[in-house]
$ cat model.cif   # mmCIF, C-alpha atoms
data_work
loop_
_atom_site.group_PDB
_atom_site.id
_atom_site.type_symbol
_atom_site.label_atom_id
_atom_site.label_comp_id
_atom_site.auth_asym_id
_atom_site.auth_seq_id
_atom_site.Cartn_x
_atom_site.Cartn_y
_atom_site.Cartn_z
ATOM 1 C CA MET A 1 0.000 0.000 0.000
ATOM 2 C CA ARG A 2 2.822 2.449 0.856
ATOM 3 C CA ARG A 3 4.565 1.761 -2.487
ATOM 4 C CA ALA A 4 1.407 2.479 -4.502
ATOM 5 C CA LEU A 5 0.804 5.739 -2.645
ATOM 6 C CA LEU A 6 4.322 7.007 -3.337
ATOM 7 C CA PHE A 7 4.047 6.178 -7.045
ATOM 8 C CA SER A 8 0.752 8.051 -7.293
ATOM 9 C CA ILE A 9 2.284 11.157 -5.742
ATOM 10 C CA GLY A 10 5.255 10.962 -8.071
ATOM 11 C CA LEU A 11 3.027 11.238 -11.118
ATOM 12 C CA ALA A 12 0.734 13.997 -9.867
ATOM 13 C CA GLY A 13 2.690 16.808 -11.533
ATOM 14 C CA VAL A 14 2.991 15.283 -14.994
ATOM 15 C CA ALA A 15 -0.004 16.960 -16.661
ATOM 16 C CA CYS A 16 0.472 20.280 -18.403
ATOM 17 C CA SER A 17 -1.984 22.800 -19.792
ATOM 18 C CA LEU A 18 -2.491 23.280 -23.515
ATOM 19 C CA PHE A 19 -1.400 26.921 -23.627
ATOM 20 C CA PRO A 20 0.524 27.907 -20.457
ATOM 21 C CA ASP A 21 1.544 31.524 -19.981
ATOM 22 C CA THR A 22 5.209 30.597 -19.812
ATOM 23 C CA ALA A 23 7.239 27.998 -21.649
ATOM 24 C CA PRO A 24 7.737 24.764 -19.717
ATOM 25 C CA ASN A 25 11.134 23.963 -18.279
ATOM 26 C CA VAL A 26 13.331 21.402 -19.944
ATOM 27 C CA GLU A 27 15.297 19.199 -17.613
ATOM 28 C CA GLU A 28 18.564 18.249 -19.248
ATOM 29 C CA ASP A 29 20.063 16.158 -16.457
ATOM 30 C CA GLY A 30 17.303 13.589 -16.056
ATOM 31 C CA GLY A 31 16.230 14.903 -12.666
ATOM 32 C CA THR A 32 17.616 14.269 -9.233
ATOM 33 C CA ALA A 33 17.416 11.372 -6.912
ATOM 34 C CA ALA A 34 14.382 11.212 -4.672
ATOM 35 C CA SER A 35 12.266 13.040 -7.263
ATOM 36 C CA GLY A 36 9.467 10.498 -7.444
ATOM 37 C CA GLY A 37 8.228 7.107 -6.315
ATOM 38 C CA THR A 38 10.313 4.023 -5.740
ATOM 39 C CA SER A 39 10.899 0.992 -7.904
ATOM 40 C CA SER A 40 12.268 -1.411 -5.331
ATOM 41 C CA GLY A 41 11.682 0.101 -1.934
ATOM 42 C CA GLY A 42 13.897 2.626 -0.180
ATOM 43 C CA THR A 43 13.159 6.313 0.160
ATOM 44 C CA GLY A 44 12.986 8.098 -3.124
ATOM 45 C CA GLY A 45 14.916 6.559 -6.030
ATOM 46 C CA SER A 46 13.311 7.952 -9.225
ATOM 47 C CA ILE A 47 11.533 5.364 -11.317
ATOM 48 C CA THR A 48 11.292 7.596 -14.376
ATOM 49 C CA GLY A 49 14.224 9.965 -14.172
ATOM 50 C CA GLY A 50 13.563 13.666 -14.758
ATOM 51 C CA ALA A 51 10.679 15.059 -16.735
ATOM 52 C CA GLY A 52 12.035 14.581 -20.213
ATOM 53 C CA GLY A 53 15.705 14.453 -19.252
ATOM 54 C CA ALA A 54 18.161 12.646 -21.465
ATOM 55 C CA THR A 55 19.546 10.522 -18.624
ATOM 56 C CA GLY A 56 18.048 8.825 -15.605
ATOM 57 C CA GLY A 57 18.303 10.170 -12.083
ATOM 58 C CA SER A 58 20.608 8.472 -9.652
ATOM 59 C CA ALA A 59 19.228 6.155 -6.998
ATOM 60 C CA GLY A 60 18.012 7.516 -3.682
ATOM 61 C CA THR A 61 18.622 5.766 -0.403
ATOM 62 C CA GLY A 62 17.593 2.211 -1.117
ATOM 63 C CA GLY A 63 15.894 3.076 -4.399
ATOM 64 C CA ALA A 64 16.684 2.060 -7.969
ATOM 65 C CA PRO A 65 18.293 4.454 -10.497
ATOM 66 C CA GLY A 66 15.814 6.389 -12.647
ATOM 67 C CA GLY A 67 15.315 5.578 -16.319
ATOM 68 C CA GLY A 68 16.284 7.956 -19.132
ATOM 69 C CA GLY A 69 13.807 10.418 -20.607
ATOM 70 C CA SER A 70 13.108 11.060 -24.326
ATOM 71 C CA GLY A 71 13.660 14.771 -24.650
ATOM 72 C CA ALA A 72 10.222 15.529 -23.220
ATOM 73 C CA VAL A 73 9.286 19.032 -22.138
ATOM 74 C CA GLY A 74 7.558 19.674 -18.827
ATOM 75 C CA GLY A 75 6.173 16.147 -18.591
ATOM 76 C CA CYS A 76 4.953 16.168 -22.218
ATOM 77 C CA GLY A 77 6.262 14.083 -25.116
ATOM 78 C CA GLY A 78 9.334 14.893 -27.200
ATOM 79 C CA GLN A 79 9.305 17.847 -29.579
ATOM 80 C CA GLN A 80 7.755 17.348 -33.012
ATOM 81 C CA THR A 81 7.690 19.589 -36.099
ATOM 82 C CA LEU A 82 4.943 20.370 -38.590
ATOM 83 C CA VAL A 83 5.747 22.434 -41.701
ATOM 84 C CA LEU A 84 2.884 24.212 -43.478
ATOM 85 C CA GLU A 85 2.897 25.748 -46.947
ATOM 86 C CA ALA A 86 1.128 29.027 -47.659
ATOM 87 C CA ASN A 87 -2.492 28.786 -48.788
ATOM 88 C CA ARG A 88 -2.471 32.359 -50.197
ATOM 89 C CA ASP A 89 0.122 35.019 -50.899
ATOM 90 C CA THR A 90 0.574 38.134 -52.994
ATOM 91 C CA TYR A 91 2.234 41.534 -52.905
ATOM 92 C CA ILE A 92 0.661 44.963 -53.210
ATOM 93 C CA VAL A 93 2.186 48.045 -54.828
ATOM 94 C CA ASN A 94 1.412 51.742 -54.714
ATOM 95 C CA SER A 95 1.864 52.209 -58.467
ATOM 96 C CA PRO A 96 -0.318 51.243 -60.156
ATOM 97 C CA PRO A 97 -2.379 50.859 -56.963
ATOM 98 C CA SER A 98 -5.071 48.650 -58.532
ATOM 99 C CA SER A 99 -2.646 46.061 -59.906
ATOM 100 C CA VAL A 100 -2.825 42.512 -58.501
ATOM 101 C CA HIS A 101 0.052 40.041 -58.140
ATOM 102 C CA GLY A 102 -1.426 36.938 -56.527
ATOM 103 C CA SER A 103 -0.433 34.604 -59.376
ATOM 104 C CA GLU A 104 3.246 35.614 -59.568
ATOM 105 C CA VAL A 105 6.162 33.417 -58.533
ATOM 106 C CA ILE A 106 7.716 36.194 -56.427
ATOM 107 C CA LEU A 107 6.857 38.249 -53.360
ATOM 108 C CA GLU A 108 8.473 41.641 -53.879
ATOM 109 C CA VAL A 109 9.633 44.097 -51.218
ATOM 110 C CA MET A 110 10.547 47.632 -52.222
ATOM 111 C CA THR A 111 10.265 51.038 -50.538
ATOM 112 C CA VAL A 112 10.404 54.252 -52.518
ATOM 113 C CA LYS A 113 9.070 56.673 -49.896
ATOM 114 C CA GLN A 114 7.334 56.640 -46.537
ATOM 115 C CA SER A 115 3.863 55.787 -47.799
ATOM 116 C CA ALA A 116 4.717 53.872 -50.946
ATOM 117 C CA GLY A 117 6.362 50.649 -51.971
ATOM 118 C CA HIS A 118 5.833 46.939 -52.559
ATOM 119 C CA ARG A 119 4.627 44.806 -49.641
ATOM 120 C CA PRO A 120 4.121 41.000 -49.530
ATOM 121 C CA LEU A 121 1.223 39.292 -47.787
ATOM 122 C CA VAL A 122 1.319 35.609 -46.899
ATOM 123 C CA ALA A 123 -1.074 33.385 -44.935
ATOM 124 C CA PHE A 124 -1.333 29.737 -43.853
ATOM 125 C CA GLU A 125 -4.112 27.341 -42.841
ATOM 126 C CA VAL A 126 -3.837 27.635 -39.056
ATOM 127 C CA GLY A 127 -6.579 26.996 -36.508
ATOM 128 C CA LYS A 128 -7.742 24.912 -33.572
ATOM 129 C CA SER A 129 -7.351 21.630 -35.490
ATOM 130 C CA THR A 130 -3.879 22.328 -36.883
ATOM 131 C CA LEU A 131 -2.037 20.426 -34.130
ATOM 132 C CA PRO A 132 -2.930 17.025 -32.620
ATOM 133 C CA THR A 133 -5.173 16.805 -29.566
ATOM 134 C CA GLY A 134 -3.210 17.599 -26.431
ATOM 135 C CA ALA A 135 -0.456 19.417 -28.345
ATOM 136 C CA LYS A 136 1.195 22.566 -27.044
ATOM 137 C CA LEU A 137 2.958 24.925 -29.460
ATOM 138 C CA THR A 138 6.520 25.764 -28.416
ATOM 139 C CA LYS A 139 7.659 27.778 -31.450
ATOM 140 C CA ALA A 140 6.337 29.054 -34.781
ATOM 141 C CA THR A 141 8.656 30.394 -37.470
ATOM 142 C CA LEU A 142 7.710 32.098 -40.727
ATOM 143 C CA LYS A 143 10.335 31.316 -43.375
ATOM 144 C CA LEU A 144 10.778 32.904 -46.806
ATOM 145 C CA ARG A 145 13.455 32.005 -49.366
ATOM 146 C CA VAL A 146 15.418 34.838 -51.021
ATOM 147 C CA ILE A 147 15.570 34.662 -54.823
ATOM 148 C CA LEU A 148 16.878 38.204 -55.448
ATOM 149 C CA ASN A 149 18.536 40.886 -53.326
ATOM 150 C CA ASP A 150 19.269 44.080 -55.195
ATOM 151 C CA GLY A 151 21.182 45.664 -52.309
ATOM 152 C CA ALA A 152 18.326 45.707 -49.766
ATOM 153 C CA GLN A 153 19.632 46.028 -46.195
ATOM 154 C CA GLN A 154 16.599 47.148 -44.201
ATOM 155 C CA ASP A 155 15.198 45.000 -41.399
ATOM 156 C CA LEU A 156 11.737 43.717 -42.256
ATOM 157 C CA GLY A 157 8.777 43.659 -39.898
ATOM 158 C CA ALA A 158 5.900 41.162 -39.947
ATOM 159 C CA TYR A 159 2.492 42.673 -39.156
ATOM 160 C CA ARG A 160 -0.937 41.003 -38.873
ATOM 161 C CA PRO A 161 -3.429 42.328 -41.479
ATOM 162 C CA GLN A 162 -6.776 43.347 -40.014
ATOM 163 C CA ARG A 163 -8.876 42.572 -43.090
ATOM 164 C CA ALA A 164 -9.823 39.306 -44.837
ATOM 165 C CA TRP A 165 -7.692 39.903 -47.919
ATOM 166 C CA THR A 166 -7.988 37.728 -51.014
ATOM 167 C CA GLU A 167 -5.126 36.493 -53.132
ATOM 168 C CA VAL A 168 -6.703 37.224 -56.512
ATOM 169 C CA ASP A 169 -8.105 40.696 -55.815
ATOM 170 C CA CYS A 170 -5.998 42.249 -53.055
ATOM 171 C CA ASN A 171 -4.166 45.439 -54.036
ATOM 172 C CA TRP A 172 -2.820 48.666 -52.535
ATOM 173 C CA VAL A 173 -6.299 50.179 -52.179
ATOM 174 C CA LYS A 174 -8.639 47.187 -51.731
ATOM 175 C CA TYR A 175 -8.276 44.003 -49.697
ATOM 176 C CA ASP A 176 -10.794 42.106 -51.858
ATOM 177 C CA ALA A 177 -12.811 42.746 -55.009
ATOM 178 C CA THR A 178 -14.976 45.484 -53.478
ATOM 179 C CA ASN A 179 -13.814 46.645 -50.028
ATOM 180 C CA SER A 180 -11.080 49.187 -49.363
ATOM 181 C CA TRP A 181 -8.360 49.150 -46.724
ATOM 182 C CA THR A 182 -8.858 51.844 -44.104
ATOM 183 C CA VAL A 183 -5.270 52.883 -44.851
ATOM 184 C CA ASN A 184 -3.863 52.395 -48.351
ATOM 185 C CA GLY A 185 -1.148 49.782 -48.305
ATOM 186 C CA GLY A 186 -2.840 47.591 -45.702
ATOM 187 C CA ASP A 187 -4.502 47.858 -42.276
ATOM 188 C CA VAL A 188 -2.234 46.082 -39.818
ATOM 189 C CA ALA A 189 -1.841 45.532 -36.091
ATOM 190 C CA GLY A 190 1.394 46.405 -34.319
ATOM 191 C CA LEU A 191 4.719 44.774 -35.106
ATOM 192 C CA SER A 192 4.630 41.017 -34.506
ATOM 193 C CA ALA A 193 8.206 40.088 -35.392
ATOM 194 C CA GLN A 194 11.217 41.378 -37.272
ATOM 195 C CA ALA A 195 14.064 39.907 -39.288
ATOM 196 C CA ALA A 196 17.480 41.424 -39.929
ATOM 197 C CA LEU A 197 18.567 42.065 -43.485
ATOM 198 C CA SER A 198 21.975 43.045 -44.812
ATOM 199 C CA ALA A 199 23.964 43.065 -48.011
ATOM 200 C CA ALA A 200 25.250 39.644 -46.959
ATOM 201 C CA VAL A 201 21.786 38.112 -47.460
ATOM 202 C CA LYS A 202 22.033 36.343 -50.803
ATOM 203 C CA VAL A 203 19.998 34.249 -53.187
ATOM 204 C CA GLY A 204 19.143 30.915 -51.564
ATOM 205 C CA ASP A 205 19.187 32.254 -48.007
ATOM 206 C CA THR A 206 16.131 31.881 -45.778
ATOM 207 C CA VAL A 207 14.807 34.855 -43.811
ATOM 208 C CA SER A 208 12.860 33.931 -40.654
ATOM 209 C CA TRP A 209 10.436 35.620 -38.273
ATOM 210 C CA ASP A 210 9.503 34.257 -34.834
ATOM 211 C CA VAL A 211 5.690 34.431 -34.882
ATOM 212 C CA THR A 212 5.030 32.106 -31.943
ATOM 213 C CA SER A 213 2.797 34.561 -30.121
ATOM 214 C CA ASP A 214 0.632 35.177 -33.186
ATOM 215 C CA VAL A 215 0.220 31.497 -34.040
ATOM 216 C CA THR A 216 -0.578 30.592 -30.434
ATOM 217 C CA GLY A 217 -3.438 33.085 -30.615
ATOM 218 C CA MET A 218 -4.594 31.771 -33.997
ATOM 219 C CA ILE A 219 -4.697 28.186 -32.731
ATOM 220 C CA SER A 220 -6.543 29.108 -29.545
ATOM 221 C CA GLY A 221 -9.000 31.293 -31.432
ATOM 222 C CA ALA A 222 -7.975 34.451 -29.585
ATOM 223 C CA LEU A 223 -6.659 35.984 -32.831
ATOM 224 C CA GLY A 224 -7.975 35.961 -36.367
ATOM 225 C CA ASN A 225 -5.773 34.461 -39.066
ATOM 226 C CA GLU A 226 -4.974 36.732 -41.991
ATOM 227 C CA GLY A 227 -1.292 35.832 -42.007
ATOM 228 C CA TRP A 228 1.299 38.606 -42.182
ATOM 229 C CA LEU A 229 2.134 41.698 -44.214
ATOM 230 C CA LEU A 230 5.847 42.444 -44.562
ATOM 231 C CA LYS A 231 7.344 45.913 -44.802
ATOM 232 C CA PRO A 232 10.591 47.654 -43.734
ATOM 233 C CA LEU A 233 10.754 48.849 -40.142
ATOM 234 C CA VAL A 234 12.098 52.219 -41.288
ATOM 235 C CA PRO A 235 10.325 53.718 -44.324
ATOM 236 C CA ASP A 236 12.445 54.792 -47.301
ATOM 237 C CA ALA A 237 15.410 52.707 -46.205
ATOM 238 C CA LEU A 238 15.466 50.503 -49.303
ATOM 239 C CA ASN A 239 15.566 53.485 -51.651
ATOM 240 C CA GLY A 240 13.983 51.550 -54.484
ATOM 241 C CA GLU A 241 16.187 48.479 -54.114
ATOM 242 C CA LYS A 242 14.274 45.254 -54.681
ATOM 243 C CA LEU A 243 14.121 42.170 -52.520
ATOM 244 C CA HIS A 244 12.353 39.080 -53.878
ATOM 245 C CA PHE A 245 11.125 36.047 -51.980
ATOM 246 C CA ALA A 246 9.740 32.936 -53.667
ATOM 247 C CA SER A 247 5.933 32.758 -53.567
ATOM 248 C CA ARG A 248 3.742 29.682 -53.234
ATOM 249 C CA GLU A 249 3.563 29.598 -57.037
ATOM 250 C CA ALA A 250 7.331 29.059 -57.293
ATOM 251 C CA THR A 251 8.328 26.083 -59.438
ATOM 252 C CA ASP A 252 10.571 24.565 -56.778
ATOM 253 C CA PRO A 253 8.432 23.604 -53.748
ATOM 254 C CA VAL A 254 11.472 23.796 -51.479
ATOM 255 C CA THR A 255 11.620 27.568 -51.966
ATOM 256 C CA ARG A 256 7.960 28.293 -51.234
ATOM 257 C CA PRO A 257 6.897 30.114 -48.041
ATOM 258 C CA LYS A 258 6.845 27.898 -44.969
ATOM 259 C CA LEU A 259 5.410 28.108 -41.471
ATOM 260 C CA GLU A 260 7.335 25.754 -39.193
ATOM 261 C CA LEU A 261 5.511 24.705 -36.031
ATOM 262 C CA THR A 262 7.336 22.976 -33.170
ATOM 263 C CA TYR A 263 5.155 21.391 -30.505
ATOM 264 C CA VAL A 264 4.892 18.748 -27.804
ATOM 265 C CA VAL A 265 1.954 16.476 -27.014
ATOM 266 C CA CYS A 266 0.957 16.457 -23.352
ATOM 267 C CA PRO A 267 -0.648 13.494 -21.512
#

$ encode --input "model.cif" --output "structure tokens"
Amino acid sequence: MRRALLFSIGLAGVACSLFPDTAPNVEEDGGTAASGGTSSGGTGGSITGGAGGATGGSAGTGGAPGGGGSGAVGGCGGQQTLVLEANRDTYIVNSPPSSVHGSEVILEVMTVKQSAGHRPLVAFEVGKSTLPTGAKLTKATLKLRVILNDGAQQDLGAYRPQRAWTEVDCNWVKYDATNSWTVNGGDVAGLSAQAALSAAVKVGDTVSWDVTSDVTGMISGALGNEGWLLKPLVPDALNGEKLHFASREATDPVTRPKLELTYVVCP
């Protein structure tokens, strides 16, 4: 009876919530002795090692050594990765403002003055059913592949559009076939993420934005999902120099926009 009681207590802290406010801790050393129930009597040898540690805990007084973990996080399973491809993308330009570019193989960035330029939009199929039941997102990364850099060195910000834009009709003035942006060039929320650019960024490089907070909200339903609009953090910094990313229409699927989701599945 005493052995069963100790084992029950040792497992009481294993469960984790689906979307905790802070990231769970990762135990690298397999935990310490006397961190759980016993396997062969004694007072505290760990039967499971640490919560997700790579090695087992050492034996407590009279207990057996703990077993190794499997890279689990906070009592959940090991990290897994899901890579999504964009389900719509385009870029909008101030001149001519009614032109549409949703079918092109590029996403073009260019700034010519404070209120004018070329701005990509990209979105992915993300919602409550994107991850398996019991999964907790640990990181989300937006990744775009560079196919041309004509001297662009300005850091790029990712912003959440506030309108349900369409790939085939979205332009500088309208976000669909009939409705206008409140502000020409796209209505967006505050800065979500930023990525550094320099002259060293070359064709074939991948530019990434950490959009974990946004995607967490999209999966939970707290945020709408209209993807991201990209534009330089400082207007007029590109001075007309072009930066091209591959769009979802690119011939090589490897170069297309990606949203990489890392997650763990909790008990």

$ resolve_selection --input "model.cif" --expression "the PyMOL selection byres ((chain A and resi 201) around 10)" --output "PDB file with C-alpha atoms, in the frame of the given file"
ATOM      1  CA  VAL A 146      15.418  34.838 -51.021  1.00  0.00           C
ATOM      2  CA  LEU A 148      16.878  38.204 -55.448  1.00  0.00           C
ATOM      3  CA  ASN A 149      18.536  40.886 -53.326  1.00  0.00           C
ATOM      4  CA  GLY A 151      21.182  45.664 -52.309  1.00  0.00           C
ATOM      5  CA  ALA A 152      18.326  45.707 -49.766  1.00  0.00           C
ATOM      6  CA  GLN A 153      19.632  46.028 -46.195  1.00  0.00           C
ATOM      7  CA  ALA A 196      17.480  41.424 -39.929  1.00  0.00           C
ATOM      8  CA  LEU A 197      18.567  42.065 -43.485  1.00  0.00           C
ATOM      9  CA  SER A 198      21.975  43.045 -44.812  1.00  0.00           C
ATOM     10  CA  ALA A 199      23.964  43.065 -48.011  1.00  0.00           C
ATOM     11  CA  ALA A 200      25.250  39.644 -46.959  1.00  0.00           C
ATOM     12  CA  LYS A 202      22.033  36.343 -50.803  1.00  0.00           C
ATOM     13  CA  VAL A 203      19.998  34.249 -53.187  1.00  0.00           C
ATOM     14  CA  GLY A 204      19.143  30.915 -51.564  1.00  0.00           C
ATOM     15  CA  ASP A 205      19.187  32.254 -48.007  1.00  0.00           C
ATOM     16  CA  THR A 206      16.131  31.881 -45.778  1.00  0.00           C
ATOM     17  CA  VAL A 207      14.807  34.855 -43.811  1.00  0.00           C
TER      18      VAL A 207
END

$ residues_around --input "model.cif" --residues "A:Val265" --least-positions-apart "6" --cutoff "7 Å" --atoms "only C-alpha atoms" --output "PyMOL selection string"
chain A and resi 76-77+134-136

$ atom_distance --input "model.cif" --atom1 "atom CA of A:Met110" --atom2 "atom CA of A:Pro232"
8.5 Å

$ resolve_selection --input "model.cif" --expression "the PyMOL selection byres ((chain A and resi 209-212) around 12)" --output "ChimeraX atom specification"
/A:19,23,136-144,155-160,191-197,206-208,213-219,227-230,257-263

$ atom_distance --input "model.cif" --atom1 "atom CA of A:Gln154" --atom2 "atom CA of A:Ala86"
24.1 Å

$ closest_residue --input "model.cif" --among "A:Val100, A:Ala189, A:Ala250, A:Leu223" --to "A:Lys174" --atoms "all atoms listed in the file"
A:Val100

$ closest_residue --input "model.cif" --among "A:Ser103, A:Thr90, A:Thr130, A:Asn184" --to "A:Cys170" --atoms "all atoms listed in the file"
A:Thr90

$ residues_around --input "model.cif" --residues "A:Gly186" --least-positions-apart "2" --cutoff "7 Å" --atoms "all atoms listed in the file" --output "list in words"
Pro161, Trp172, Trp181, Val183, Asn184 and Val188 of chain A

$ atom_distance --input "model.cif" --atom1 "atom CA of A:Thr111" --atom2 "atom CA of A:Thr251"
26.6 Å

$ axis_aligned_box --input "model.cif" --around "stretch 170-183 of chain A" --padding-each-side "8 Å" --output "JSON"
{"center_x": -8.9, "center_y": 47.5, "center_z": -49.6, "size_x": 28.2, "size_y": 26.8, "size_z": 26.9}

$ closest_residue --input "model.cif" --among "A:Gly127, A:Glu241, A:Asn225, A:Arg145" --to "A:Leu107" --atoms "all atoms listed in the file"
A:Arg145

$ resolve_selection --input "model.cif" --expression "the PyMOL selection byres ((chain A and resi 175) around 10)" --output "ChimeraX atom specification"
/A:92,161-174,176-182,184-187
